[in-house]
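File shown: work00.txt. Contents: compact mmCIF, C-alpha atoms and all ligand atoms.
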# COMPACT_ATOMS: atom_id res chain seq x y z
CA MET A 1 -18.25 -5.85 12.61
CA LYS A 2 -18.33 -5.27 8.85
CA LEU A 3 -15.79 -3.09 7.05
CA GLU A 4 -18.25 -0.23 6.40
CA THR A 5 -19.13 -0.01 10.10
CA VAL A 6 -15.48 -0.18 11.17
CA SER A 7 -14.53 2.57 8.74
CA VAL A 8 -17.19 4.96 10.07
CA ARG A 9 -17.17 4.05 13.75
CA ILE A 10 -13.89 2.73 15.14
CA GLY A 11 -11.81 5.46 16.76
CA ARG A 12 -14.45 8.12 16.13
CA ASP A 13 -16.23 8.29 19.46
CA VAL A 14 -18.07 11.46 20.40
CA GLU A 15 -15.64 13.75 22.22
CA PRO A 16 -16.60 13.77 25.90
CA ALA A 17 -15.75 17.43 26.64
CA ALA A 18 -18.10 19.23 24.21
CA GLY A 19 -19.87 16.38 22.47
CA ASP A 20 -18.17 16.94 19.06
CA VAL A 21 -19.52 14.42 16.55
CA ALA A 22 -16.59 15.07 14.22
CA PRO A 23 -13.41 14.23 16.12
CA ALA A 24 -11.20 17.03 17.40
CA ILE A 25 -7.56 17.30 16.28
CA HIS A 26 -5.21 16.88 19.21
CA LEU A 27 -2.32 19.20 18.37
CA SER A 28 -0.71 19.33 21.81
CA THR A 29 2.80 17.92 21.92
CA THR A 30 2.76 17.53 25.69
CA TYR A 31 0.24 16.43 28.33
CA GLU A 32 -0.43 17.35 31.95
CA ARG A 33 1.02 15.08 34.62
CA ASP A 34 -0.96 13.86 37.60
CA ALA A 35 -0.03 15.33 41.00
CA ASP A 36 1.91 12.15 41.75
CA GLY A 37 3.90 12.46 38.50
CA GLY A 38 1.96 9.79 36.63
CA PHE A 39 0.01 9.99 33.35
CA SER A 40 -3.28 8.31 34.25
CA ARG A 41 -4.90 9.56 31.02
CA GLY A 42 -2.34 7.62 29.01
CA TYR A 43 -0.53 10.46 27.26
CA SER A 44 2.74 12.20 28.09
CA TYR A 45 4.45 13.33 24.88
CA THR A 46 3.07 13.19 21.36
CA ARG A 47 5.96 11.30 19.75
CA GLU A 48 5.14 8.39 22.05
CA ARG A 49 1.34 8.62 21.87
CA ASN A 50 -1.24 11.04 20.55
CA PRO A 51 -5.04 10.72 20.70
CA THR A 52 -5.61 11.61 17.04
CA ARG A 53 -2.97 9.11 15.93
CA ARG A 54 -4.49 6.52 18.27
CA SER A 55 -7.91 6.92 16.62
CA LEU A 56 -6.30 6.32 13.21
CA GLU A 57 -4.33 3.31 14.45
CA ASP A 58 -7.41 1.73 16.05
CA CYS A 59 -9.36 2.02 12.82
CA ILE A 60 -6.55 0.66 10.60
CA ALA A 61 -6.03 -2.30 12.96
CA ALA A 62 -9.74 -3.12 12.86
CA LEU A 63 -9.94 -2.76 9.06
CA GLU A 64 -7.18 -5.33 8.58
CA GLY A 65 -8.38 -7.58 11.41
CA GLY A 66 -5.15 -7.15 13.39
CA VAL A 67 -4.68 -6.56 17.11
CA ASP A 68 -2.82 -3.26 16.72
CA ALA A 69 -1.60 -0.80 14.12
CA ILE A 70 1.43 1.45 14.36
CA ALA A 71 1.35 4.65 12.31
CA PHE A 72 4.39 6.22 10.68
CA ALA A 73 5.17 9.43 8.82
CA SER A 74 5.14 7.62 5.46
CA GLY A 75 4.84 4.16 3.99
CA SER A 76 8.62 4.22 3.66
CA ALA A 77 9.07 4.91 7.37
CA ALA A 78 6.74 1.96 8.02
CA SER A 79 8.69 -0.48 5.83
CA GLN A 80 11.95 0.75 7.36
CA ALA A 81 10.52 0.00 10.82
CA VAL A 82 9.89 -3.60 9.75
CA PHE A 83 13.41 -3.91 8.33
CA SER A 84 14.76 -2.55 11.64
CA LEU A 85 13.61 -5.84 13.20
CA LEU A 86 16.47 -7.55 11.34
CA ARG A 87 19.88 -7.86 12.98
CA PRO A 88 23.25 -8.14 11.21
CA GLY A 89 23.70 -11.67 9.86
CA GLU A 90 19.97 -12.22 9.44
CA HIS A 91 18.36 -12.66 6.04
CA VAL A 92 15.36 -11.20 4.20
CA VAL A 93 13.73 -12.43 0.99
CA ALA A 94 12.00 -9.76 -1.09
CA PRO A 95 10.46 -9.57 -4.57
CA VAL A 96 12.58 -8.55 -7.56
CA GLU A 97 9.67 -6.45 -8.66
CA SER A 98 8.26 -4.33 -5.86
CA TYR A 99 7.70 -0.68 -5.09
CA HIS A 100 11.10 0.68 -6.14
CA GLY A 101 11.53 2.58 -2.87
CA THR A 102 11.24 -0.63 -0.85
CA ALA A 103 13.92 -2.31 -2.97
CA LYS A 104 16.07 0.80 -2.60
CA GLN A 105 15.77 0.67 1.20
CA LEU A 106 16.93 -2.93 1.17
CA ARG A 107 19.85 -2.19 -1.15
CA THR A 108 21.04 1.10 0.36
CA LEU A 109 19.97 1.01 4.03
CA VAL A 110 19.38 -2.58 5.11
CA ALA A 111 22.11 -4.52 3.28
CA PRO A 112 24.93 -2.11 4.26
CA ALA A 113 23.92 -2.65 7.92
CA GLY A 114 24.88 -6.33 7.54
CA VAL A 115 21.51 -7.88 6.72
CA GLU A 116 21.54 -10.32 3.81
CA CYS A 117 18.95 -9.52 1.12
CA THR A 118 17.83 -11.88 -1.64
CA PHE A 119 15.54 -10.68 -4.41
CA VAL A 120 13.40 -13.34 -6.10
CA ASP A 121 10.52 -13.67 -8.53
CA MET A 122 7.72 -13.95 -5.96
CA THR A 123 5.16 -15.13 -8.46
CA GLN A 124 7.09 -18.42 -8.18
CA VAL A 125 6.66 -20.12 -4.80
CA ALA A 126 9.56 -22.46 -5.62
CA ALA A 127 11.89 -19.47 -6.08
CA VAL A 128 11.11 -18.35 -2.54
CA GLU A 129 11.60 -21.87 -1.22
CA ASP A 130 15.04 -22.01 -2.86
CA ALA A 131 15.98 -18.63 -1.40
CA LEU A 132 15.12 -19.44 2.22
CA ARG A 133 18.08 -20.03 4.54
CA PRO A 134 18.41 -21.00 8.19
CA ASN A 135 18.95 -17.31 9.05
CA THR A 136 15.93 -16.02 7.08
CA ARG A 137 13.80 -13.96 9.46
CA LEU A 138 11.53 -12.10 7.06
CA VAL A 139 9.75 -12.66 3.75
CA TRP A 140 8.54 -9.38 2.31
CA VAL A 141 5.56 -9.73 -0.04
CA GLU A 142 3.92 -7.13 -2.26
CA THR A 143 0.78 -8.32 -4.01
CA PRO A 144 -0.46 -7.08 -6.38
CA SER A 145 2.95 -5.60 -7.09
CA ASN A 146 3.81 -2.10 -8.21
CA PRO A 147 3.67 -1.52 -11.19
CA MET A 148 3.42 -4.94 -12.92
CA LEU A 149 0.40 -6.11 -10.88
CA ASN A 150 2.11 -9.45 -10.29
CA LEU A 151 0.43 -11.73 -7.78
CA SER A 152 2.14 -13.68 -5.01
CA ASP A 153 0.47 -16.52 -3.12
CA ILE A 154 0.36 -15.25 0.48
CA GLU A 155 -0.86 -18.56 1.93
CA ALA A 156 1.83 -20.65 0.23
CA LEU A 157 4.59 -18.18 1.14
CA ALA A 158 3.41 -17.96 4.75
CA GLY A 159 3.49 -21.76 4.98
CA LEU A 160 7.09 -21.86 3.76
CA ALA A 161 8.25 -18.96 5.91
CA HIS A 162 6.59 -20.15 9.11
CA ALA A 163 8.08 -23.62 8.72
CA ARG A 164 11.47 -21.90 9.03
CA GLY A 165 10.53 -19.44 11.75
CA ALA A 166 10.44 -16.40 9.44
CA LEU A 167 7.87 -13.61 9.53
CA VAL A 168 5.76 -12.61 6.53
CA CYS A 169 4.97 -8.95 5.93
CA VAL A 170 2.58 -8.06 3.10
CA ASP A 171 2.54 -4.60 1.53
CA ASN A 172 -1.24 -4.28 1.07
CA THR A 173 -1.18 -0.73 -0.30
CA PHE A 174 -2.57 -1.60 -3.77
CA ALA A 175 -5.35 -3.92 -2.65
CA THR A 176 -6.39 -2.29 0.66
CA PRO A 177 -8.33 -4.40 3.19
CA VAL A 178 -11.42 -3.79 1.07
CA CYS A 179 -10.05 -6.15 -1.60
CA GLN A 180 -7.57 -8.33 0.29
CA LYS A 181 -7.07 -9.40 3.93
CA PRO A 182 -3.52 -10.82 4.21
CA PHE A 183 -4.02 -12.02 7.80
CA GLU A 184 -6.65 -14.48 6.56
CA PHE A 185 -3.90 -16.12 4.49
CA GLY A 186 -1.31 -16.29 7.26
CA ALA A 187 0.58 -12.99 7.06
CA ASP A 188 2.10 -11.77 10.35
CA LEU A 189 2.38 -8.09 9.48
CA VAL A 190 0.56 -5.90 6.97
CA MET A 191 2.17 -2.70 5.74
CA HIS A 192 0.43 0.29 4.16
CA SER A 193 1.41 3.49 2.48
CA SER A 194 -1.53 5.39 4.00
CA THR A 195 -0.61 8.16 1.56
CA LYS A 196 -2.50 6.18 -1.09
CA TYR A 197 -6.04 4.72 -0.70
CA PHE A 198 -6.30 5.32 3.05
CA GLY A 199 -5.73 9.05 2.53
CA GLY A 200 -7.53 8.83 -0.79
CA HIS A 201 -7.35 12.51 -1.71
CA SER A 202 -3.64 13.02 -2.50
CA ASP A 203 -3.19 15.44 0.39
CA ALA A 204 -1.72 13.57 3.37
CA MET A 205 1.32 11.38 3.90
CA ALA A 206 1.60 8.49 6.35
CA GLY A 207 2.18 4.77 6.67
CA ALA A 208 1.18 1.93 8.94
CA ILE A 209 2.16 -1.52 10.12
CA VAL A 210 -0.64 -3.75 11.35
CA VAL A 211 0.22 -6.70 13.58
CA ARG A 212 -1.77 -9.92 13.72
CA GLU A 213 -0.74 -10.80 17.27
CA HIS A 214 0.71 -9.15 20.34
CA GLY A 215 4.27 -10.20 21.14
CA THR A 216 7.90 -9.28 20.81
CA TRP A 217 7.70 -8.15 17.18
CA ALA A 218 4.73 -5.91 17.90
CA GLU A 219 6.47 -4.41 20.92
CA ARG A 220 9.65 -3.76 18.96
CA LEU A 221 7.70 -2.04 16.19
CA ARG A 222 5.83 0.13 18.69
CA ASP A 223 9.10 0.97 20.38
CA HIS A 224 10.69 1.81 17.03
CA GLN A 225 7.86 4.27 16.34
CA GLY A 226 8.54 6.31 19.46
CA THR A 227 12.31 5.92 19.46
CA ALA A 228 13.12 6.50 15.78
CA GLY A 229 10.39 9.16 15.85
CA ALA A 230 9.04 9.10 12.28
CA VAL A 231 5.46 9.75 13.40
CA PRO A 232 2.72 11.35 11.28
CA SER A 233 1.43 14.78 12.33
CA PRO A 234 -1.92 14.99 14.12
CA PHE A 235 -3.40 16.82 11.14
CA ASP A 236 -2.32 14.11 8.70
CA CYS A 237 -3.71 11.48 11.09
CA TRP A 238 -6.98 13.39 11.25
CA LEU A 239 -7.23 13.74 7.46
CA ILE A 240 -6.55 10.05 6.94
CA ARG A 241 -8.94 8.96 9.68
CA ARG A 242 -11.59 11.14 8.06
CA SER A 243 -10.87 9.58 4.65
CA LEU A 244 -11.16 6.06 6.02
CA THR A 245 -14.88 6.66 6.59
CA THR A 246 -15.31 6.45 2.80
CA LEU A 247 -12.62 3.85 2.05
CA PRO A 248 -14.98 0.95 1.22
CA CYS A 249 -17.15 3.16 -1.03
CA ARG A 250 -14.20 4.72 -2.80
CA VAL A 251 -12.27 1.52 -3.36
CA ARG A 252 -15.30 -0.38 -4.65
CA ALA A 253 -16.29 2.40 -7.06
CA GLN A 254 -12.71 2.84 -8.25
CA THR A 255 -12.36 -0.94 -8.65
CA ALA A 256 -15.50 -1.04 -10.81
CA ASN A 257 -14.06 1.75 -12.97
CA ALA A 258 -10.72 -0.08 -13.25
CA GLY A 259 -12.38 -3.32 -14.31
CA ALA A 260 -14.29 -1.59 -17.10
CA LEU A 261 -11.23 0.38 -18.21
CA ALA A 262 -9.12 -2.80 -18.27
CA GLU A 263 -11.71 -4.55 -20.48
CA PHE A 264 -11.75 -1.58 -22.82
CA LEU A 265 -7.96 -1.37 -23.06
CA GLN A 266 -7.63 -5.10 -23.62
CA GLN A 267 -9.52 -4.93 -26.91
CA HIS A 268 -7.83 -1.72 -28.14
CA PRO A 269 -5.56 -2.33 -31.16
CA GLN A 270 -2.90 0.12 -29.90
CA VAL A 271 -2.52 -1.77 -26.63
CA GLU A 272 -0.05 -4.64 -26.52
CA ARG A 273 -1.21 -6.02 -23.16
CA VAL A 274 -3.11 -5.02 -20.04
CA LEU A 275 -1.92 -5.96 -16.55
CA TYR A 276 -4.95 -6.21 -14.28
CA PRO A 277 -5.64 -9.15 -11.93
CA GLY A 278 -9.35 -9.06 -12.73
CA LEU A 279 -8.79 -10.01 -16.38
CA ALA A 280 -9.02 -13.71 -17.23
CA SER A 281 -5.86 -13.17 -19.33
CA HIS A 282 -3.81 -12.19 -16.24
CA PRO A 283 -1.40 -15.02 -15.25
CA GLY A 284 -2.38 -14.58 -11.61
CA HIS A 285 -6.13 -14.43 -12.22
CA ALA A 286 -6.95 -17.73 -10.49
CA LEU A 287 -4.90 -16.71 -7.48
CA ALA A 288 -6.55 -13.27 -7.50
CA ARG A 289 -9.97 -14.94 -7.31
CA LYS A 290 -8.86 -16.86 -4.24
CA GLN A 291 -6.91 -14.15 -2.46
CA MET A 292 -8.49 -10.83 -3.47
CA THR A 293 -11.81 -11.70 -1.91
CA GLY A 294 -13.25 -8.17 -2.06
CA GLY A 295 -12.28 -7.20 -5.62
CA PHE A 296 -9.31 -6.80 -7.94
CA GLY A 297 -8.37 -3.25 -6.99
CA ALA A 298 -8.20 0.00 -8.90
CA MET A 299 -4.62 -0.09 -10.18
CA LEU A 300 -3.77 -1.27 -13.68
CA SER A 301 -0.90 -1.00 -16.11
CA PHE A 302 -0.85 -1.36 -19.87
CA CYS A 303 1.81 -1.60 -22.55
CA VAL A 304 1.42 0.65 -25.58
CA ARG A 305 2.40 -0.53 -29.06
CA GLY A 306 5.33 1.50 -30.32
CA GLY A 307 7.64 1.59 -27.30
CA ARG A 308 8.68 4.33 -24.91
CA SER A 309 7.91 7.34 -27.10
CA ALA A 310 4.45 6.00 -27.94
CA ALA A 311 3.73 5.51 -24.22
CA PHE A 312 4.82 9.08 -23.45
CA ALA A 313 2.70 10.38 -26.33
CA VAL A 314 -0.43 8.62 -25.08
CA ALA A 315 0.05 9.93 -21.54
CA ALA A 316 0.58 13.42 -22.96
CA ARG A 317 -2.69 13.33 -24.92
CA THR A 318 -5.00 12.33 -22.07
CA ARG A 319 -7.09 15.10 -20.52
CA LEU A 320 -8.69 13.31 -17.58
CA PHE A 321 -5.63 11.43 -16.34
CA THR A 322 -3.15 13.67 -14.57
CA ARG A 323 0.49 12.83 -15.33
CA ALA A 324 1.78 12.33 -11.80
CA THR A 325 3.23 9.76 -9.50
CA SER A 326 1.42 8.23 -6.50
CA LEU A 327 -1.95 6.52 -6.52
CA GLY A 328 -5.15 5.85 -4.67
CA GLY A 329 -6.67 9.33 -4.87
CA VAL A 330 -10.09 10.27 -6.19
CA GLU A 331 -8.50 11.62 -9.39
CA SER A 332 -7.12 9.31 -12.09
CA LEU A 333 -3.36 9.45 -12.57
CA ILE A 334 -1.19 8.08 -15.36
CA GLU A 335 2.53 7.51 -15.16
CA HIS A 336 5.46 6.21 -17.19
CA ARG A 337 7.06 4.10 -14.46
CA ALA A 338 10.36 3.03 -16.04
CA SER A 339 11.53 6.65 -16.13
CA VAL A 340 10.88 7.24 -12.41
CA GLU A 341 12.22 3.94 -11.11
CA GLY A 342 15.87 4.43 -11.95
CA PRO A 343 18.63 2.06 -13.07
CA HIS A 344 17.36 -1.05 -11.24
CA SER A 345 13.94 -0.86 -12.91
CA VAL A 346 12.62 -4.04 -14.54
CA THR A 347 9.53 -2.24 -15.86
CA PRO A 348 8.96 -2.29 -19.65
CA GLU A 349 9.62 1.05 -21.39
CA ASN A 350 6.21 1.01 -23.07
CA LEU A 351 4.31 0.56 -19.80
CA LEU A 352 1.94 3.16 -18.38
CA ARG A 353 0.54 2.72 -14.89
CA VAL A 354 -2.93 4.04 -14.15
CA SER A 355 -4.46 4.80 -10.78
CA VAL A 356 -8.13 4.75 -11.66
CA GLY A 357 -10.14 7.43 -9.87
CA LEU A 358 -13.77 8.23 -9.21
CA GLU A 359 -14.57 10.09 -12.44
CA HIS A 360 -17.34 8.53 -14.54
CA VAL A 361 -15.94 5.51 -16.32
CA ASP A 362 -17.51 6.51 -19.66
CA ASP A 363 -15.47 9.72 -19.59
CA LEU A 364 -12.29 7.86 -18.63
CA ILE A 365 -12.76 5.33 -21.44
CA ALA A 366 -13.52 8.05 -24.00
CA ASP A 367 -10.46 10.06 -22.95
CA LEU A 368 -7.98 7.18 -23.00
CA GLY A 369 -9.55 5.86 -26.20
CA ALA A 370 -9.02 9.23 -27.90
CA ALA A 371 -5.42 9.42 -26.67
CA LEU A 372 -4.69 5.92 -28.03
CA SER A 373 -6.48 6.41 -31.33
CA ALA A 374 -4.71 9.69 -32.05
CA HIS A 375 -1.53 7.72 -31.53
CA ALA A 376 -2.64 5.21 -34.18
CA ASP A 377 -3.29 7.98 -36.73
CA PRO A 378 0.06 9.36 -37.92
CA ALA A 379 -1.69 12.43 -39.40
CA SER A 380 -2.74 13.71 -35.99
C1 LIG B 1 3.86 4.58 -2.25
C2 LIG B 1 4.17 3.19 -1.86
C3 LIG B 1 5.06 2.91 -0.83
C4 LIG B 1 5.80 4.00 -0.09
O1 LIG B 1 4.94 4.83 0.63
P1 LIG B 1 5.25 6.40 0.92
O2 LIG B 1 4.05 6.82 1.71
O3 LIG B 1 5.38 7.07 -0.41
O4 LIG B 1 6.52 6.45 1.67
C5 LIG B 1 5.27 1.59 -0.51
N1 LIG B 1 4.66 0.59 -1.16
C6 LIG B 1 3.79 0.82 -2.17
C7 LIG B 1 3.15 -0.32 -2.87
C8 LIG B 1 3.52 2.13 -2.56
O5 LIG B 1 2.69 2.36 -3.57
Would you mind writing the structure in this file as structure tokens?
Ligand SMILES: *Cc1c(COP(=O)(O)O)cnc(C)c1O
Amino acid sequence: MKLETVSVRIGRDVEPAAGDVAPAIHLSTTYERDADGGFSRGYSYTRERNPTRRSLEDCIAALEGGVDAIAFASGSAASQAVFSLLRPGEHVVAPVESYHGTAKQLRTLVAPAGVECTFVDMTQVAAVEDALRPNTRLVWVETPSNPMLNLSDIEALAGLAHARGALVCVDNTFATPVCQKPFEFGADLVMHSSTKYFGGHSDAMAGAIVVREHGTWAERLRDHQGTAGAVPSPFDCWLIRRSLTTLPCRVRAQTANAGALAEFLQQHPQVERVLYPGLASHPGHALARKQMTGGFGAMLSFCVRGGRSAAFAVAARTRLFTRATSLGGVESLIEHRASVEGPHSVTPENLLRVSVGLEHVDDLIADLGAALSAHADPAS
């Protein structure tokens, strides 16, 4: 089944009781037992299983081409569930440059529990090879990365990891399954912040882990969901399942906007460089063509001439880009990342990250162009 059909159909069956075409929201926390004490309808308590969450999980699993998906209350709860698979004395390799919250989990939650963490430049396959140890159980990949849009070679990394019995988990939040299918390149797990493109409207928070195969890891993740208890609310599940119906349309339209905006920025004299995998100038462009089979995504970053204050000034002058964190919504957002990432940040001070939305690209280009040009003119 194609992505568009999955996004509309999977987990959105007509409700049997009244024939609702739009799915109902199952708010109940508890479910009736059978006379013999069993739960033949499959539900007992909502932390363990909920029909609205199930419909979301079924759709996310099908979108990624996995056998199951496990939903969490946030992307962070999802990544933490994956790290919970690691036991003291085991080892994880992660990128130096990743979503700062993921790196923070490894430094402040995972390492203190006795798990060894090595951070490497994941654009370099050889750096990962050097970092692998006999006790490495997990290679965490984020591609394209946040906010530098660095690319990592999923297939090459999976080959190295699997040869040593380690799992590969890819954070596919930026690309979404519309642009990139990590399982096709050998990933074992795919992680999402569903708060971003899956939700798509900046109004619901959740996360997900998709598993390629059934087995011990999948069972442990499912068990972690119910036992640790960081589950998304039925309403958030419903909102995100509703938003998935338009995921392919939104991501493709936003990707087209991002490509045009990247081209525009690249030739602007006030822009030092543009980080977007779709540009021929991007160091990972060849890899992007191989791995991002559905498009280059709708996230880009650019470095403004003139340093930190110039970057802040440009963000302040835009009218159509809201200055806010997060990404993946219908509205364009712009953000100075170094100032939100904290002391471990490796992000340049003159970098602005843009989540390109669904506004008309001519308006976006005109707005950012005006903000940059005003910056060039000291009189204004
Ligand atoms: C936002 C984000 C996360 C964390 O997700 P939350 O839903 O905010 O907890 C993880 N990875 C990436 C790439 C993100 O953008």
Please tabulate, as a Markdown table, the residues of chain A that come within 10 Å of ligand LIG 1 (chain B), each with its closest pair of atoms and the distance in Å to one decimal, counting only C-alpha atoms and all ligand atoms and ordering rows by chain, then residue number upward.
| residue | atom | partner | partner_atom | distance |
| --- | --- | --- | --- | --- |
| A:Phe72 | CA | B:LIG1 | O2 | 9.0 |
| A:Ala73 | CA | B:LIG1 | O2 | 7.7 |
| A:Ser74 | CA | B:LIG1 | O2 | 4.0 |
| A:Gly75 | CA | B:LIG1 | O1 | 3.4 |
| A:Ser76 | CA | B:LIG1 | O4 | 3.7 |
| A:Ala77 | CA | B:LIG1 | O4 | 6.4 |
| A:Ala78 | CA | B:LIG1 | O4 | 7.8 |
| A:Ser79 | CA | B:LIG1 | C5 | 7.5 |
| A:Gln80 | CA | B:LIG1 | O4 | 9.7 |
| A:Ser98 | CA | B:LIG1 | C7 | 7.2 |
| A:Tyr99 | CA | B:LIG1 | C7 | 5.1 |
| A:His100 | CA | B:LIG1 | N1 | 8.1 |
| A:Gly101 | CA | B:LIG1 | C4 | 6.5 |
| A:Thr102 | CA | B:LIG1 | C5 | 6.4 |
| A:Ala103 | CA | B:LIG1 | C5 | 9.8 |
| A:Glu142 | CA | B:LIG1 | C7 | 6.9 |
| A:Thr143 | CA | B:LIG1 | C7 | 8.4 |
| A:Pro144 | CA | B:LIG1 | C7 | 8.4 |
| A:Ser145 | CA | B:LIG1 | C7 | 6.8 |
| A:Asn146 | CA | B:LIG1 | C7 | 5.7 |
| A:Pro147 | CA | B:LIG1 | C7 | 8.4 |
| A:Val170 | CA | B:LIG1 | C7 | 9.8 |
| A:Asp171 | CA | B:LIG1 | C7 | 6.2 |
| A:Asn172 | CA | B:LIG1 | C7 | 7.1 |
| A:Thr173 | CA | B:LIG1 | C7 | 5.1 |
| A:Phe174 | CA | B:LIG1 | C7 | 5.9 |
| A:Ala175 | CA | B:LIG1 | C7 | 9.2 |
| A:Met191 | CA | B:LIG1 | N1 | 8.0 |
| A:His192 | CA | B:LIG1 | N1 | 6.8 |
| A:Ser193 | CA | B:LIG1 | O1 | 4.2 |
| A:Ser194 | CA | B:LIG1 | O2 | 6.2 |
| A:Thr195 | CA | B:LIG1 | O2 | 4.9 |
| A:Lys196 | CA | B:LIG1 | C1 | 6.7 |
| A:Tyr197 | CA | B:LIG1 | O5 | 9.5 |
| A:Ala204 | CA | B:LIG1 | O2 | 9.0 |
| A:Met205 | CA | B:LIG1 | O2 | 5.7 |
| A:Ala206 | CA | B:LIG1 | O2 | 5.5 |
| A:Gly207 | CA | B:LIG1 | O2 | 5.7 |
| A:Ala208 | CA | B:LIG1 | O2 | 9.2 |
| A:Thr325 | CA | B:LIG1 | C1 | 8.9 |
| A:Ser326 | CA | B:LIG1 | C1 | 6.1 |
| A:Leu327 | CA | B:LIG1 | O5 | 6.9 |
| A:Gly328 | CA | B:LIG1 | O5 | 8.7 |
Expected file: the selected residues, C-alpha atoms, as an mmCIF file, in the coordinates of the input:
data_model
loop_
_atom_site.group_PDB
_atom_site.id
_atom_site.type_symbol
_atom_site.label_atom_id
_atom_site.label_comp_id
_atom_site.auth_asym_id
_atom_site.auth_seq_id
_atom_site.Cartn_x
_atom_site.Cartn_y
_atom_site.Cartn_z
ATOM 1 C CA PHE A 72 4.390 6.220 10.680
ATOM 2 C CA ALA A 73 5.170 9.430 8.820
ATOM 3 C CA SER A 74 5.140 7.620 5.460
ATOM 4 C CA GLY A 75 4.840 4.160 3.990
ATOM 5 C CA SER A 76 8.620 4.220 3.660
ATOM 6 C CA ALA A 77 9.070 4.910 7.370
ATOM 7 C CA ALA A 78 6.740 1.960 8.020
ATOM 8 C CA SER A 79 8.690 -0.480 5.830
ATOM 9 C CA GLN A 80 11.950 0.750 7.360
ATOM 10 C CA SER A 98 8.260 -4.330 -5.860
ATOM 11 C CA TYR A 99 7.700 -0.680 -5.090
ATOM 12 C CA HIS A 100 11.100 0.680 -6.140
ATOM 13 C CA GLY A 101 11.530 2.580 -2.870
ATOM 14 C CA THR A 102 11.240 -0.630 -0.850
ATOM 15 C CA ALA A 103 13.920 -2.310 -2.970
ATOM 16 C CA GLU A 142 3.920 -7.130 -2.260
ATOM 17 C CA THR A 143 0.780 -8.320 -4.010
ATOM 18 C CA PRO A 144 -0.460 -7.080 -6.380
ATOM 19 C CA SER A 145 2.950 -5.600 -7.090
ATOM 20 C CA ASN A 146 3.810 -2.100 -8.210
ATOM 21 C CA PRO A 147 3.670 -1.520 -11.190
ATOM 22 C CA VAL A 170 2.580 -8.060 3.100
ATOM 23 C CA ASP A 171 2.540 -4.600 1.530
ATOM 24 C CA ASN A 172 -1.240 -4.280 1.070
ATOM 25 C CA THR A 173 -1.180 -0.730 -0.300
ATOM 26 C CA PHE A 174 -2.570 -1.600 -3.770
ATOM 27 C CA ALA A 175 -5.350 -3.920 -2.650
ATOM 28 C CA MET A 191 2.170 -2.700 5.740
ATOM 29 C CA HIS A 192 0.430 0.290 4.160
ATOM 30 C CA SER A 193 1.410 3.490 2.480
ATOM 31 C CA SER A 194 -1.530 5.390 4.000
ATOM 32 C CA THR A 195 -0.610 8.160 1.560
ATOM 33 C CA LYS A 196 -2.500 6.180 -1.090
ATOM 34 C CA TYR A 197 -6.040 4.720 -0.700
ATOM 35 C CA ALA A 204 -1.720 13.570 3.370
ATOM 36 C CA MET A 205 1.320 11.380 3.900
ATOM 37 C CA ALA A 206 1.600 8.490 6.350
ATOM 38 C CA GLY A 207 2.180 4.770 6.670
ATOM 39 C CA ALA A 208 1.180 1.930 8.940
ATOM 40 C CA THR A 325 3.230 9.760 -9.500
ATOM 41 C CA SER A 326 1.420 8.230 -6.500
ATOM 42 C CA LEU A 327 -1.950 6.520 -6.520
ATOM 43 C CA GLY A 328 -5.150 5.850 -4.670
#
**Request:** Mind giving me the straight-line distance from atom CA of Trp217 of chain A to atom CA of Pro232 of chain A in Å, one decimal?
**Result:** 21.0 Å
**Request:** Identify, on the basis of all atoms listed in the file, every residue whose closest approach to segment 32-36 of chain A does not exceed 12 Å; exclude the query and any residue fewer than 6 positions from it along the same chain; express the result as an MDAnalysis selection string.
**Result:** chainID A and resid 42:46
**Item:** Nearest residue to Asp203 of chain A from the set A:Gly307, A:Gly278, A:Gly329, A:Gly259 (distances using only C-alpha atoms)
**Value:**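 Residue with the minimum atom-to-atom distance to Asp203 of chain A: A:Gly329.
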**Minimum-distance residue to Val231 of chain A, chosen among A:Met292, A:Ala111, A:Leu279, A:Ala81 (using all atoms listed in the file)** = A:Ala81
Using only C-alpha atoms, find each residue in segment 131-233 of chain A having at least one atom no more than 7 Å away from segment 56-65 of chain A; report its shortest atom-to-atom pair and that distance in Å (one decimal), rows by chain then rising number, as JSON lines.
{"residue": "A:Pro177", "atom": "CA", "partner": "A:Glu64", "partner_atom": "CA", "distance": 5.6}
{"residue": "A:Lys181", "atom": "CA", "partner": "A:Glu64", "partner_atom": "CA", "distance": 6.2}
{"residue": "A:Val210", "atom": "CA", "partner": "A:Ala61", "partner_atom": "CA", "distance": 5.8}
Find the nearest atom pair between each residue of segment 279-305 of chain A and segment 349-363 of chain A for residues within 8 Å, count only C-alpha atoms, give distances in Å to one decimal, sort rows by chain and ascending number, and present the table as a Markdown table.
| residue | atom | partner | partner_atom | distance |
| --- | --- | --- | --- | --- |
| A:Ala298 | CA | A:Val356 | CA | 5.5 |
| A:Met299 | CA | A:Ser355 | CA | 4.9 |
| A:Leu300 | CA | A:Val354 | CA | 5.4 |
| A:Ser301 | CA | A:Arg353 | CA | 4.2 |
| A:Phe302 | CA | A:Leu351 | CA | 5.5 |
| A:Cys303 | CA | A:Leu351 | CA | 4.3 |
| A:Val304 | CA | A:Asn350 | CA | 5.4 |
| A:Arg305 | CA | A:Asn350 | CA | 7.3 |
Atoms to include: C-alpha atoms. Write the selected residues as a short mmCIF file (atom, residue, chain, number, x, y, z; two decimals), in the frame of the given file.
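Listing of out-v9.cif after writing:
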data_model
loop_
_atom_site.label_atom_id
_atom_site.label_comp_id
_atom_site.auth_asym_id
_atom_site.auth_seq_id
_atom_site.Cartn_x
_atom_site.Cartn_y
_atom_site.Cartn_z
CA ALA A 298 -8.20 0.00 -8.90
CA MET A 299 -4.62 -0.09 -10.18
CA LEU A 300 -3.77 -1.27 -13.68
CA SER A 301 -0.90 -1.00 -16.11
CA PHE A 302 -0.85 -1.36 -19.87
CA CYS A 303 1.81 -1.60 -22.55
CA VAL A 304 1.42 0.65 -25.58
CA ARG A 305 2.40 -0.53 -29.06
#
